[in-house]
Amino acid sequence: MSKDNRIFDLEERLIDFAVRIIRTAESLPKTRAGNHIAGQLICCGTSPAPNYGEAQSAESRSDFIHKMKVSLKELRETRIWLLMIVEANLIKQMSKLEPLINENNELISIFVTSVKTAKQKEEKKTS
């Protein structure tokens with residue numbers, strides 16, 4: 001698989017993830033808590049895709065690392081909101097959340113590895 005295909009695949013996964021987050025947020029109860037969590041979830045859960053897009057056009061390796069870290073931070077925040085939804089039983093069909101939480105965890109792992117690799121390459125360049 002070429003580097004371009006991997007980038008495209010991750011971009012597609014992030015877009016798909018964002019769409020699933022939007023659908024999850026829309027299915028939350030229309031209560032004060034439901035509305036608050038929905039708003040927070042939409043903010044952090046849709047953010048990684050465009051931030052990743054920005055990282056692909058980074059002006060330097062340190063800019064790339066920064067943008068990837070922003071995506072990672074947003075993915076971690078999304079994970080917390082999803083776990084709160086589970087703990088508070090805010091969605092009737094919890095089985096629908098499990099695959100989304102699993103994808104969230106996989107994306108976090110991908111970004112952790114990416115940031116680590118980019119940092120190592122940056123350190124080699126400067127040493």
# chains A, B, ... in the order shown; residues from 1 in each chain; ligands from 1
>>> residues_around(residues="Tyr52 in chain A", least_positions_apart="6", cutoff="10 Å", atoms="only C-alpha atoms", output="PyMOL selection string")
chain A and resi 7+10-11+14+58+64+67-72+111
>>> residues_around(residues="range 96-103 of chain A", least_positions_apart="5", cutoff="12 Å", atoms="only C-alpha atoms", output="PDB file with C-alpha atoms, in the first residue's frame")
ATOM      1  CA  LEU A  10      -7.018   7.341   7.455  1.00  0.00           C
ATOM      2  CA  ARG A  13     -11.802   6.644   8.512  1.00  0.00           C
ATOM      3  CA  LEU A  14     -11.745  10.013  10.260  1.00  0.00           C
ATOM      4  CA  ASP A  16     -16.605   8.162   8.693  1.00  0.00           C
ATOM      5  CA  PHE A  17     -15.869   8.481  12.419  1.00  0.00           C
ATOM      6  CA  ALA A  18     -17.084  12.106  12.397  1.00  0.00           C
ATOM      7  CA  VAL A  19     -20.323  11.112  10.652  1.00  0.00           C
ATOM      8  CA  ARG A  20     -20.906   8.355  13.213  1.00  0.00           C
ATOM      9  CA  ILE A  21     -20.258  10.864  16.002  1.00  0.00           C
ATOM     10  CA  ILE A  22     -22.822  13.256  14.496  1.00  0.00           C
ATOM     11  CA  ARG A  23     -25.398  10.453  14.317  1.00  0.00           C
ATOM     12  CA  THR A  24     -24.653   9.458  17.907  1.00  0.00           C
ATOM     13  CA  ALA A  25     -25.011  13.062  19.083  1.00  0.00           C
ATOM     14  CA  SER A  27     -29.638  10.238  18.987  1.00  0.00           C
ATOM     15  CA  LEU A  28     -28.966  11.597  22.486  1.00  0.00           C
ATOM     16  CA  GLY A  45     -15.558  14.167  17.520  1.00  0.00           C
ATOM     17  CA  LEU A  75      -9.875  11.918  19.935  1.00  0.00           C
ATOM     18  CA  ARG A  76      -9.077  11.435  23.617  1.00  0.00           C
ATOM     19  CA  GLU A  77     -11.728  13.974  24.601  1.00  0.00           C
ATOM     20  CA  THR A  78     -14.241  12.199  22.355  1.00  0.00           C
ATOM     21  CA  ARG A  79     -13.466   8.926  24.113  1.00  0.00           C
ATOM     22  CA  ILE A  80     -14.287  10.469  27.502  1.00  0.00           C
ATOM     23  CA  TRP A  81     -17.634  11.850  26.270  1.00  0.00           C
ATOM     24  CA  LEU A  82     -18.532   8.458  24.752  1.00  0.00           C
ATOM     25  CA  LEU A  83     -17.702   6.721  28.032  1.00  0.00           C
ATOM     26  CA  MET A  84     -19.878   9.253  29.896  1.00  0.00           C
ATOM     27  CA  ILE A  85     -22.762   8.442  27.556  1.00  0.00           C
ATOM     28  CA  VAL A  86     -22.307   4.756  28.384  1.00  0.00           C
ATOM     29  CA  GLU A  87     -22.053   5.344  32.160  1.00  0.00           C
ATOM     30  CA  ASN A  89     -27.121   5.210  29.972  1.00  0.00           C
ATOM     31  CA  LEU A  90     -28.041   8.048  27.620  1.00  0.00           C
ATOM     32  CA  ILE A  91     -28.504   5.823  24.566  1.00  0.00           C
ATOM     33  CA  ILE A 108      -5.973   7.093  19.185  1.00  0.00           C
ATOM     34  CA  SER A 109      -3.397   4.291  18.768  1.00  0.00           C
ATOM     35  CA  ILE A 110      -2.706   5.311  15.159  1.00  0.00           C
TER      36      ILE A 110
END
>>> closest_residue(among="A:Val115, A:Ile65, A:Met94, A:Ala88", to="Ala33 in chain A", atoms="only C-alpha atoms")
A:Ala88
>>> residues_around(residues="Lys119 in chain A", least_positions_apart="4", cutoff="9 Å", atoms="only C-alpha atoms", output="PyMOL selection string")
chain A and resi 61-62+65+114-115+123-124
>>> select_by_dssp(residues="range 27-115 of chain A", states="helix (DSSP H, G or I)", output="VMD selection string")
chain A and resid 32 to 46 48 to 55 61 to 87 94 to 115
